[in-house]
file query.tsv (TSV, N, CA and C atoms)
chain	number	residue	atom	x	y	z
A	1	MET	N	0.83	-1.18	0.00
A	1	MET	CA	0.00	0.00	0.00
A	1	MET	C	0.87	1.24	0.00
A	2	THR	N	1.96	1.24	-0.69
A	2	THR	CA	2.81	2.41	-0.75
A	2	THR	C	2.17	3.46	-1.63
A	3	ASN	N	2.49	4.70	-1.32
A	3	ASN	CA	2.01	5.86	-2.06
A	3	ASN	C	0.50	6.03	-2.00
A	4	LEU	N	-0.13	5.57	-0.94
A	4	LEU	CA	-1.54	5.80	-0.71
A	4	LEU	C	-1.70	7.22	-0.20
A	5	VAL	N	-2.58	7.99	-0.82
A	5	VAL	CA	-2.85	9.35	-0.38
A	5	VAL	C	-4.24	9.37	0.25
A	6	ILE	N	-4.30	9.83	1.49
A	6	ILE	CA	-5.56	9.91	2.22
A	6	ILE	C	-5.88	11.38	2.42
A	7	ARG	N	-7.03	11.79	1.96
A	7	ARG	CA	-7.47	13.17	2.16
A	7	ARG	C	-8.44	13.17	3.33
A	8	LEU	N	-8.12	13.98	4.32
A	8	LEU	CA	-8.91	14.02	5.54
A	8	LEU	C	-9.68	15.32	5.67
A	9	ALA	N	-10.93	15.18	6.07
A	9	ALA	CA	-11.76	16.34	6.38
A	9	ALA	C	-11.35	16.87	7.75
A	10	PRO	N	-11.77	18.07	8.10
A	10	PRO	CA	-11.44	18.58	9.44
A	10	PRO	C	-11.95	17.62	10.52
A	11	HIS	N	-11.10	17.33	11.47
A	11	HIS	CA	-11.38	16.48	12.64
A	11	HIS	C	-11.68	15.02	12.28
A	12	GLU	N	-11.41	14.62	11.06
A	12	GLU	CA	-11.60	13.23	10.69
A	12	GLU	C	-10.50	12.37	11.31
A	13	ARG	N	-10.87	11.15	11.70
A	13	ARG	CA	-9.90	10.26	12.34
A	13	ARG	C	-9.61	9.06	11.43
A	14	VAL	N	-8.37	8.59	11.53
A	14	VAL	CA	-7.94	7.45	10.75
A	14	VAL	C	-7.08	6.58	11.66
A	15	LEU	N	-7.20	5.27	11.47
A	15	LEU	CA	-6.38	4.32	12.21
A	15	LEU	C	-5.20	3.96	11.31
A	16	LEU	N	-4.00	4.21	11.76
A	16	LEU	CA	-2.81	3.96	10.98
A	16	LEU	C	-1.86	3.10	11.80
A	17	ASN	N	-1.72	1.83	11.38
A	17	ASN	CA	-0.88	0.87	12.10
A	17	ASN	C	-1.21	0.82	13.60
A	18	GLY	N	-2.50	0.86	13.91
A	18	GLY	CA	-2.95	0.72	15.29
A	18	GLY	C	-3.06	2.02	16.06
A	19	ALA	N	-2.59	3.13	15.50
A	19	ALA	CA	-2.66	4.42	16.18
A	19	ALA	C	-3.78	5.26	15.56
A	20	VAL	N	-4.61	5.86	16.42
A	20	VAL	CA	-5.67	6.74	15.93
A	20	VAL	C	-5.07	8.12	15.74
A	21	ILE	N	-5.23	8.64	14.52
A	21	ILE	CA	-4.73	9.96	14.18
A	21	ILE	C	-5.93	10.83	13.83
A	22	GLU	N	-6.01	12.00	14.46
A	22	GLU	CA	-7.12	12.92	14.17
A	22	GLU	C	-6.58	14.16	13.49
A	23	ASN	N	-7.26	14.54	12.43
A	23	ASN	CA	-6.89	15.74	11.68
A	23	ASN	C	-7.27	16.98	12.48
A	24	GLY	N	-6.65	18.09	12.15
A	24	GLY	CA	-6.94	19.36	12.81
A	24	GLY	C	-8.15	20.05	12.21
A	25	ASP	N	-8.15	21.37	12.25
A	25	ASP	CA	-9.29	22.17	11.83
A	25	ASP	C	-9.43	22.33	10.33
A	26	ARG	N	-8.41	21.98	9.57
A	26	ARG	CA	-8.44	22.17	8.12
A	26	ARG	C	-8.29	20.83	7.40
A	27	ARG	N	-8.69	20.83	6.14
A	27	ARG	CA	-8.49	19.63	5.31
A	27	ARG	C	-7.00	19.36	5.22
A	28	ALA	N	-6.67	18.08	5.13
A	28	ALA	CA	-5.25	17.71	5.03
A	28	ALA	C	-5.13	16.44	4.20
A	29	SER	N	-3.95	16.20	3.72
A	29	SER	CA	-3.64	14.98	2.99
A	29	SER	C	-2.46	14.30	3.67
A	30	LEU	N	-2.56	12.99	3.77
A	30	LEU	CA	-1.46	12.18	4.27
A	30	LEU	C	-1.00	11.28	3.14
A	31	SER	N	0.28	11.16	2.99
A	31	SER	CA	0.83	10.24	2.01
A	31	SER	C	1.48	9.10	2.78
A	32	VAL	N	0.94	7.90	2.63
A	32	VAL	CA	1.46	6.73	3.32
A	32	VAL	C	2.50	6.09	2.40
A	33	ARG	N	3.73	6.09	2.81
A	33	ARG	CA	4.83	5.58	1.99
A	33	ARG	C	5.35	4.23	2.46
A	34	THR	N	4.94	3.80	3.63
A	34	THR	CA	5.40	2.53	4.17
A	34	THR	C	4.64	1.38	3.53
A	35	PRO	N	5.36	0.42	2.97
A	35	PRO	CA	4.67	-0.75	2.39
A	35	PRO	C	3.93	-1.52	3.47
A	36	ASN	N	2.78	-2.06	3.11
A	36	ASN	CA	1.98	-2.90	4.00
A	36	ASN	C	1.50	-2.19	5.26
A	37	ALA	N	1.36	-0.86	5.20
A	37	ALA	CA	0.81	-0.12	6.33
A	37	ALA	C	-0.68	-0.45	6.43
A	38	HIS	N	-1.17	-0.51	7.64
A	38	HIS	CA	-2.59	-0.80	7.88
A	38	HIS	C	-3.31	0.52	8.12
A	39	VAL	N	-4.23	0.86	7.21
A	39	VAL	CA	-4.93	2.14	7.26
A	39	VAL	C	-6.43	1.89	7.22
A	40	LEU	N	-7.17	2.55	8.11
A	40	LEU	CA	-8.62	2.43	8.14
A	40	LEU	C	-9.22	3.77	8.55
A	41	ARG	N	-10.07	4.31	7.70
A	41	ARG	CA	-10.81	5.52	8.08
A	41	ARG	C	-11.84	5.11	9.12
A	42	LEU	N	-11.88	5.80	10.23
A	42	LEU	CA	-12.81	5.40	11.28
A	42	LEU	C	-14.25	5.69	10.89
A	43	ARG	N	-14.47	6.63	9.99
A	43	ARG	CA	-15.85	6.88	9.54
A	43	ARG	C	-16.37	5.70	8.71
A	44	ASP	N	-15.46	4.92	8.13
A	44	ASP	CA	-15.84	3.76	7.33
A	44	ASP	C	-15.88	2.48	8.14
A	45	ALA	N	-15.44	2.54	9.38
A	45	ALA	CA	-15.33	1.32	10.19
A	45	ALA	C	-16.72	0.75	10.49
A	46	ILE	N	-16.79	-0.57	10.45
A	46	ILE	CA	-18.01	-1.29	10.81
A	46	ILE	C	-17.79	-1.85	12.20
A	47	HIS	N	-18.69	-1.53	13.11
A	47	HIS	CA	-18.60	-2.04	14.48
A	47	HIS	C	-19.10	-3.48	14.50
A	48	PRO	N	-18.59	-4.30	15.42
A	48	PRO	CA	-18.96	-5.73	15.43
A	48	PRO	C	-20.46	-5.98	15.40
A	49	GLN	N	-21.24	-5.22	16.14
A	49	GLN	CA	-22.69	-5.43	16.16
A	49	GLN	C	-23.37	-4.98	14.87
A	50	GLN	N	-22.67	-4.21	14.04
A	50	GLN	CA	-23.21	-3.78	12.75
A	50	GLN	C	-22.91	-4.79	11.65
A	51	ALA	N	-22.06	-5.76	11.91
A	51	ALA	CA	-21.69	-6.76	10.91
A	51	ALA	C	-22.76	-7.84	10.88
A	52	ASN	N	-23.96	-7.45	10.45
A	52	ASN	CA	-25.13	-8.33	10.54
A	52	ASN	C	-25.68	-8.77	9.18
A	53	THR	N	-24.91	-8.57	8.13
A	53	THR	CA	-25.29	-9.04	6.80
A	53	THR	C	-24.06	-9.70	6.18
A	54	PRO	N	-24.24	-10.50	5.14
A	54	PRO	CA	-23.07	-11.17	4.55
A	54	PRO	C	-21.99	-10.22	4.06
A	55	VAL	N	-22.36	-9.14	3.39
A	55	VAL	CA	-21.33	-8.21	2.89
A	55	VAL	C	-20.66	-7.49	4.05
A	56	LYS	N	-21.43	-7.06	5.04
A	56	LYS	CA	-20.85	-6.38	6.19
A	56	LYS	C	-19.91	-7.29	6.96
A	57	ARG	N	-20.27	-8.57	7.10
A	57	ARG	CA	-19.38	-9.51	7.78
A	57	ARG	C	-18.08	-9.69	7.01
A	58	THR	N	-18.17	-9.73	5.70
A	58	THR	CA	-16.98	-9.87	4.87
A	58	THR	C	-16.11	-8.62	4.97
A	59	CYS	N	-16.73	-7.46	4.92
A	59	CYS	CA	-15.99	-6.21	5.11
A	59	CYS	C	-15.32	-6.19	6.48
A	60	TYR	N	-16.03	-6.67	7.48
A	60	TYR	CA	-15.49	-6.68	8.84
A	60	TYR	C	-14.24	-7.55	8.93
A	61	LEU	N	-14.23	-8.68	8.22
A	61	LEU	CA	-13.04	-9.53	8.20
A	61	LEU	C	-11.83	-8.77	7.65
A	62	ALA	N	-12.02	-8.06	6.55
A	62	ALA	CA	-10.93	-7.26	5.98
A	62	ALA	C	-10.52	-6.14	6.93
A	63	GLN	N	-11.50	-5.56	7.57
A	63	GLN	CA	-11.25	-4.47	8.51
A	63	GLN	C	-10.42	-4.94	9.71
A	64	LEU	N	-10.65	-6.16	10.15
A	64	LEU	CA	-9.87	-6.69	11.28
A	64	LEU	C	-8.38	-6.74	10.96
A	65	VAL	N	-8.06	-7.05	9.73
A	65	VAL	CA	-6.65	-7.06	9.32
A	65	VAL	C	-6.10	-5.63	9.34
A	66	LEU	N	-6.87	-4.69	8.81
A	66	LEU	CA	-6.42	-3.30	8.75
A	66	LEU	C	-6.26	-2.68	10.12
A	67	SER	N	-7.08	-3.11	11.07
A	67	SER	CA	-6.99	-2.55	12.43
A	67	SER	C	-5.91	-3.23	13.25
A	68	GLY	N	-5.35	-4.31	12.72
A	68	GLY	CA	-4.32	-5.04	13.44
A	68	GLY	C	-4.88	-6.07	14.40
A	69	ASP	N	-6.20	-6.31	14.35
A	69	ASP	CA	-6.84	-7.27	15.24
A	69	ASP	C	-6.85	-8.68	14.69
A	70	ALA	N	-6.38	-8.85	13.46
A	70	ALA	CA	-6.28	-10.19	12.86
A	70	ALA	C	-4.97	-10.27	12.09
A	71	VAL	N	-4.37	-11.42	12.15
A	71	VAL	CA	-3.14	-11.68	11.40
A	71	VAL	C	-3.53	-11.92	9.94
A	72	PRO	N	-2.91	-11.21	9.00
A	72	PRO	CA	-3.30	-11.37	7.60
A	72	PRO	C	-3.32	-12.82	7.11
A	73	GLU	N	-2.33	-13.60	7.50
A	73	GLU	CA	-2.27	-14.99	7.05
A	73	GLU	C	-3.44	-15.81	7.59
A	74	ASP	N	-3.89	-15.48	8.80
A	74	ASP	CA	-5.02	-16.20	9.41
A	74	ASP	C	-6.36	-15.78	8.81
A	75	ALA	N	-6.45	-14.54	8.37
A	75	ALA	CA	-7.71	-14.01	7.84
A	75	ALA	C	-7.89	-14.29	6.35
A	76	ARG	N	-6.82	-14.61	5.68
A	76	ARG	CA	-6.86	-14.75	4.22
A	76	ARG	C	-7.89	-15.78	3.74
A	77	GLN	N	-7.81	-17.02	4.21
A	77	GLN	CA	-8.71	-18.06	3.74
A	77	GLN	C	-10.17	-17.79	4.11
A	78	PRO	N	-10.48	-17.40	5.37
A	78	PRO	CA	-11.88	-17.07	5.67
A	78	PRO	C	-12.42	-15.93	4.80
A	79	LEU	N	-11.57	-14.96	4.52
A	79	LEU	CA	-11.99	-13.84	3.69
A	79	LEU	C	-12.24	-14.29	2.25
A	80	LEU	N	-11.37	-15.12	1.71
A	80	LEU	CA	-11.57	-15.63	0.36
A	80	LEU	C	-12.83	-16.50	0.27
A	81	ARG	N	-13.09	-17.29	1.32
A	81	ARG	CA	-14.32	-18.11	1.34
A	81	ARG	C	-15.56	-17.23	1.37
A	82	ALA	N	-15.51	-16.17	2.18
A	82	ALA	CA	-16.65	-15.26	2.27
A	82	ALA	C	-16.90	-14.56	0.94
A	83	ILE	N	-15.83	-14.15	0.25
A	83	ILE	CA	-15.98	-13.52	-1.07
A	83	ILE	C	-16.58	-14.52	-2.05
A	84	GLU	N	-16.14	-15.76	-2.00
A	84	GLU	CA	-16.69	-16.80	-2.88
A	84	GLU	C	-18.18	-17.00	-2.61
A	85	GLN	N	-18.58	-16.99	-1.37
A	85	GLN	CA	-20.00	-17.12	-1.04
A	85	GLN	C	-20.80	-15.94	-1.58
A	86	LEU	N	-20.24	-14.75	-1.50
A	86	LEU	CA	-20.92	-13.58	-2.04
A	86	LEU	C	-21.09	-13.69	-3.55
A	87	SER	N	-20.12	-14.33	-4.21
A	87	SER	CA	-20.20	-14.46	-5.67
A	87	SER	C	-21.35	-15.37	-6.09
A	88	GLN	N	-21.87	-16.16	-5.17
A	88	GLN	CA	-23.03	-17.01	-5.48
A	88	GLN	C	-24.32	-16.19	-5.52
A	89	VAL	N	-24.30	-15.03	-4.88
A	89	VAL	CA	-25.49	-14.17	-4.80
A	89	VAL	C	-25.41	-12.99	-5.75
A	90	PHE	N	-24.25	-12.37	-5.81
A	90	PHE	CA	-24.06	-11.19	-6.66
A	90	PHE	C	-23.56	-11.67	-8.02
A	91	THR	N	-24.48	-11.82	-8.95
A	91	THR	CA	-24.14	-12.43	-10.23
A	91	THR	C	-24.06	-11.43	-11.39
A	92	ASP	N	-24.41	-10.17	-11.15
A	92	ASP	CA	-24.32	-9.19	-12.23
A	92	ASP	C	-22.85	-8.86	-12.50
A	93	ASN	N	-22.59	-8.36	-13.68
A	93	ASN	CA	-21.20	-8.10	-14.13
A	93	ASN	C	-20.46	-7.12	-13.23
A	94	ASP	N	-21.13	-6.03	-12.82
A	94	ASP	CA	-20.47	-5.03	-11.98
A	94	ASP	C	-20.07	-5.63	-10.63
A	95	SER	N	-20.97	-6.38	-10.03
A	95	SER	CA	-20.68	-7.00	-8.75
A	95	SER	C	-19.58	-8.04	-8.89
A	96	ARG	N	-19.63	-8.81	-9.94
A	96	ARG	CA	-18.59	-9.82	-10.17
A	96	ARG	C	-17.21	-9.16	-10.31
A	97	LYS	N	-17.17	-8.01	-10.97
A	97	LYS	CA	-15.90	-7.28	-11.11
A	97	LYS	C	-15.39	-6.82	-9.74
A	98	LEU	N	-16.29	-6.32	-8.91
A	98	LEU	CA	-15.90	-5.89	-7.57
A	98	LEU	C	-15.38	-7.07	-6.75
A	99	LEU	N	-16.07	-8.20	-6.85
A	99	LEU	CA	-15.64	-9.39	-6.12
A	99	LEU	C	-14.30	-9.91	-6.64
A	100	GLU	N	-14.12	-9.82	-7.94
A	100	GLU	CA	-12.83	-10.21	-8.53
A	100	GLU	C	-11.71	-9.30	-8.03
A	101	ASP	N	-12.01	-7.99	-7.98
A	101	ASP	CA	-11.02	-7.03	-7.47
A	101	ASP	C	-10.70	-7.32	-6.01
A	102	ALA	N	-11.72	-7.64	-5.22
A	102	ALA	CA	-11.51	-7.95	-3.81
A	102	ALA	C	-10.66	-9.21	-3.65
A	103	THR	N	-10.94	-10.22	-4.47
A	103	THR	CA	-10.16	-11.46	-4.41
A	103	THR	C	-8.71	-11.21	-4.76
A	104	THR	N	-8.48	-10.48	-5.82
A	104	THR	CA	-7.11	-10.15	-6.23
A	104	THR	C	-6.39	-9.38	-5.14
A	105	ALA	N	-7.09	-8.43	-4.54
A	105	ALA	CA	-6.49	-7.63	-3.47
A	105	ALA	C	-6.11	-8.49	-2.27
A	106	VAL	N	-6.96	-9.42	-1.89
A	106	VAL	CA	-6.65	-10.31	-0.76
A	106	VAL	C	-5.45	-11.17	-1.11
A	107	MET	N	-5.43	-11.71	-2.32
A	107	MET	CA	-4.31	-12.55	-2.75
A	107	MET	C	-2.99	-11.76	-2.74
A	108	ASP	N	-3.07	-10.46	-3.00
A	108	ASP	CA	-1.89	-9.60	-3.01
A	108	ASP	C	-1.63	-8.94	-1.65
A	109	ALA	N	-2.41	-9.35	-0.63
A	109	ALA	CA	-2.31	-8.79	0.73
A	109	ALA	C	-2.57	-7.29	0.75
A	110	GLU	N	-3.45	-6.82	-0.12
A	110	GLU	CA	-3.86	-5.41	-0.18
A	110	GLU	C	-5.26	-5.30	0.44
A	111	TYR	N	-5.33	-5.36	1.75
A	111	TYR	CA	-6.62	-5.45	2.44
A	111	TYR	C	-7.42	-4.16	2.36
A	112	TYR	N	-6.75	-3.03	2.22
A	112	TYR	CA	-7.48	-1.77	2.05
A	112	TYR	C	-8.23	-1.79	0.72
A	113	ALA	N	-7.58	-2.23	-0.34
A	113	ALA	CA	-8.22	-2.33	-1.65
A	113	ALA	C	-9.36	-3.34	-1.62
A	114	ALA	N	-9.16	-4.43	-0.89
A	114	ALA	CA	-10.23	-5.43	-0.76
A	114	ALA	C	-11.44	-4.83	-0.06
A	115	LEU	N	-11.19	-4.12	1.02
A	115	LEU	CA	-12.29	-3.49	1.76
A	115	LEU	C	-13.01	-2.47	0.88
A	116	LYS	N	-12.27	-1.70	0.12
A	116	LYS	CA	-12.87	-0.70	-0.76
A	116	LYS	C	-13.79	-1.36	-1.79
A	117	ALA	N	-13.34	-2.44	-2.39
A	117	ALA	CA	-14.17	-3.15	-3.38
A	117	ALA	C	-15.41	-3.75	-2.72
A	118	LEU	N	-15.24	-4.33	-1.56
A	118	LEU	CA	-16.36	-4.95	-0.86
A	118	LEU	C	-17.38	-3.92	-0.40
A	119	ARG	N	-16.91	-2.77	0.07
A	119	ARG	CA	-17.84	-1.72	0.53
A	119	ARG	C	-18.74	-1.24	-0.61
A	120	ALA	N	-18.26	-1.31	-1.83
A	120	ALA	CA	-19.08	-0.90	-2.97
A	120	ALA	C	-20.29	-1.81	-3.15
A	121	LEU	N	-20.26	-2.99	-2.55
A	121	LEU	CA	-21.40	-3.91	-2.64
A	121	LEU	C	-22.48	-3.61	-1.60
A	122	LEU	N	-22.17	-2.80	-0.60
A	122	LEU	CA	-23.14	-2.54	0.47
A	122	LEU	C	-24.47	-1.96	-0.03
A	123	PRO	N	-24.46	-0.95	-0.91
A	123	PRO	CA	-25.74	-0.43	-1.40
A	123	PRO	C	-26.54	-1.49	-2.18
A	124	ARG	N	-25.85	-2.33	-2.92
A	124	ARG	CA	-26.52	-3.40	-3.68
A	124	ARG	C	-27.17	-4.40	-2.74
A	125	GLU	N	-26.44	-4.73	-1.68
A	125	GLU	CA	-26.98	-5.67	-0.70
A	125	GLU	C	-28.22	-5.06	-0.02
A	126	ALA	N	-28.14	-3.79	0.30
A	126	ALA	CA	-29.28	-3.12	0.95
A	126	ALA	C	-30.50	-3.14	0.03
A	127	ARG	N	-30.28	-2.91	-1.26
A	127	ARG	CA	-31.41	-2.97	-2.21
A	127	ARG	C	-31.99	-4.37	-2.29
A	128	MET	N	-31.11	-5.38	-2.25
A	128	MET	CA	-31.60	-6.76	-2.31
A	128	MET	C	-32.47	-7.09	-1.10
A	129	PHE	N	-32.02	-6.66	0.08
A	129	PHE	CA	-32.81	-6.92	1.29
A	129	PHE	C	-34.11	-6.12	1.28
A	130	ALA	N	-34.06	-4.90	0.75
A	130	ALA	CA	-35.26	-4.06	0.72
A	130	ALA	C	-36.32	-4.64	-0.23
A	131	SER	N	-35.87	-5.30	-1.30
A	131	SER	CA	-36.82	-5.81	-2.27
A	131	SER	C	-37.26	-7.24	-1.97
A	132	ALA	N	-36.66	-7.87	-0.96
A	132	ALA	CA	-37.02	-9.25	-0.63
A	132	ALA	C	-38.39	-9.30	0.03
A	133	PRO	N	-39.21	-10.31	-0.31
A	133	PRO	CA	-40.51	-10.44	0.33
A	133	PRO	C	-40.33	-10.74	1.82
A	134	GLN	N	-41.23	-10.19	2.61
A	134	GLN	CA	-41.11	-10.37	4.06
A	134	GLN	C	-42.12	-11.29	4.62

call {"tool": "encode", "arguments": {"input": "query.tsv", "output": "structure tokens"}}
result
Amino acid sequence: MTNLVIRLAPHERVLLNGAVIENGDRRASLSVRTPNAHVLRLRDAIHPQQANTPVKRTCYLAQLVLSGDAVPEDARQPLLRAIEQLSQVFTDNDSRKLLEDATTAVMDAEYYAALKALRALLPREARMFASAPQ
């Protein structure tokens, strides 16, 4: 994850290698130059009790690696299995591309990119649940 540029809004917080960093009163940009740095915007973080759908649970797995709460090697297979299960439900071309991107990112140990691709599925999942008969 070298050369990742994070643009922060005023007072926005980000988790960087386990340390919470809060921006000041003005917009700012951080350039992460360290390879394999773990970065998570706290506004994007999913809390454990919010991981109540298949996509959210899969995002949460990737997030655990980024927060340093899971060892990447231990999370890799469960994350790949979860992505594979999602591919059984999300069959449209756009979703398949996102899942393919997430899989590639996990295989390359790029968990931020995996989380980004998976988060793009959240609105689709919400629409699926909203349209399901009750």

call {"tool": "atom_distance", "arguments": {"input": "query.tsv", "atom1": "atom N of A:Ala75", "atom2": "atom C of A:Arg43"}}
result
22.5 Å

call {"tool": "residues_around", "arguments": {"input": "query.tsv", "residues": "A:Asp25", "least_positions_apart": "5", "cutoff": "6.5 Å", "atoms": "all atoms listed in the file", "output": "PyMOL selection string"}}
result
chain A and resi 9-11

call {"tool": "residues_around", "arguments": {"input": "query.tsv", "residues": "A:Val32", "least_positions_apart": "2", "cutoff": "10 Å", "atoms": "only C-alpha atoms", "output": "list in words"}}
result
Met1, Thr2, Asn3, Leu4, Val5, Ile6, Leu16, Ser29, Leu30, Thr34, Pro35, Asn36, Ala37, His38 and Val39 of chain A

call {"tool": "residues_around", "arguments": {"input": "query.tsv", "residues": "A:Tyr60", "least_positions_apart": "6", "cutoff": "10 Å", "atoms": "only C-alpha atoms", "output": "list of chain:residue names"}}
result
A:Ala45, A:Ile46, A:His47, A:Pro48, A:Gln50, A:Ala51, A:Asn52, A:Pro54, A:Leu66, A:Leu79, A:Leu115, A:Leu118, A:Arg119

call {"tool": "closest_residue", "arguments": {"input": "query.tsv", "among": "A:Pro133, A:Arg41, A:Val55, A:Leu99", "to": "A:Ala117", "atoms": "all atoms listed in the file"}}
result
A:Leu99

call {"tool": "select_by_dssp", "arguments": {"input": "query.tsv", "residues": "stretch 1-125 of chain A", "states": "alpha helix (DSSP H)", "output": "VMD selection string"}}
result
chain A and resid 54 to 67 72 to 87 93 to 107 111 to 119 122 to 125

call {"tool": "atom_distance", "arguments": {"input": "query.tsv", "atom1": "atom C of A:Phe129", "atom2": "atom CA of A:Pro78"}}
result
25.2 Å

call {"tool": "closest_residue", "arguments": {"input": "query.tsv", "among": "A:Arg124, A:Lys56, A:Val65, A:Ala114", "to": "A:Val89", "atoms": "only C-alpha atoms"}}
result
A:Arg124

call {"tool": "select_by_dssp", "arguments": {"input": "query.tsv", "residues": "chain A", "states": "strand (DSSP E or B)", "output": "number ranges by chain"}}
result
A: 4-8, 13-16, 19-22, 28-32, 39-41

call {"tool": "residues_around", "arguments": {"input": "query.tsv", "residues": "A:Glu12", "least_positions_apart": "2", "cutoff": "7 Å", "atoms": "all atoms listed in the file", "output": "PDB file with N, CA and C atoms, keeping the file's coordinate frame"}}
result
ATOM      1  N   LEU A   8      -8.120  13.980   4.320  1.00  0.00           N
ATOM      2  CA  LEU A   8      -8.910  14.020   5.540  1.00  0.00           C
ATOM      3  C   LEU A   8      -9.680  15.320   5.670  1.00  0.00           C
ATOM      4  N   ALA A   9     -10.930  15.180   6.070  1.00  0.00           N
ATOM      5  CA  ALA A   9     -11.760  16.340   6.380  1.00  0.00           C
ATOM      6  C   ALA A   9     -11.350  16.870   7.750  1.00  0.00           C
ATOM      7  N   PRO A  10     -11.770  18.070   8.100  1.00  0.00           N
ATOM      8  CA  PRO A  10     -11.440  18.580   9.440  1.00  0.00           C
ATOM      9  C   PRO A  10     -11.950  17.620  10.520  1.00  0.00           C
ATOM     10  N   VAL A  14      -8.370   8.590  11.530  1.00  0.00           N
ATOM     11  CA  VAL A  14      -7.940   7.450  10.750  1.00  0.00           C
ATOM     12  C   VAL A  14      -7.080   6.580  11.660  1.00  0.00           C
ATOM     13  N   ILE A  21      -5.230   8.640  14.520  1.00  0.00           N
ATOM     14  CA  ILE A  21      -4.730   9.960  14.180  1.00  0.00           C
ATOM     15  C   ILE A  21      -5.930  10.830  13.830  1.00  0.00           C
ATOM     16  N   GLU A  22      -6.010  12.000  14.460  1.00  0.00           N
ATOM     17  CA  GLU A  22      -7.120  12.920  14.170  1.00  0.00           C
ATOM     18  C   GLU A  22      -6.580  14.160  13.490  1.00  0.00           C
ATOM     19  N   ASN A  23      -7.260  14.540  12.430  1.00  0.00           N
ATOM     20  CA  ASN A  23      -6.890  15.740  11.680  1.00  0.00           C
ATOM     21  C   ASN A  23      -7.270  16.980  12.480  1.00  0.00           C
ATOM     22  N   GLY A  24      -6.650  18.090  12.150  1.00  0.00           N
ATOM     23  CA  GLY A  24      -6.940  19.360  12.810  1.00  0.00           C
ATOM     24  C   GLY A  24      -8.150  20.050  12.210  1.00  0.00           C
ATOM     25  N   LEU A  42     -11.880   5.800  10.230  1.00  0.00           N
ATOM     26  CA  LEU A  42     -12.810   5.400  11.280  1.00  0.00           C
ATOM     27  C   LEU A  42     -14.250   5.690  10.890  1.00  0.00           C
TER      28      LEU A  42
END

call {"tool": "axis_aligned_box", "arguments": {"input": "query.tsv", "around": "stretch 82-98 of chain A", "padding_each_side": "8 Å", "output": "AutoDock Vina command-line options"}}
result
--center_x -20.4 --center_y -11.1 --center_z -5.9 --size_x 26.1 --size_y 28.1 --size_z 32.4

call {"tool": "closest_residue", "arguments": {"input": "query.tsv", "among": "A:Arg13, A:Lys116, A:Arg57, A:Arg76", "to": "A:Leu40", "atoms": "only N, CA and C atoms"}}
result
A:Arg13
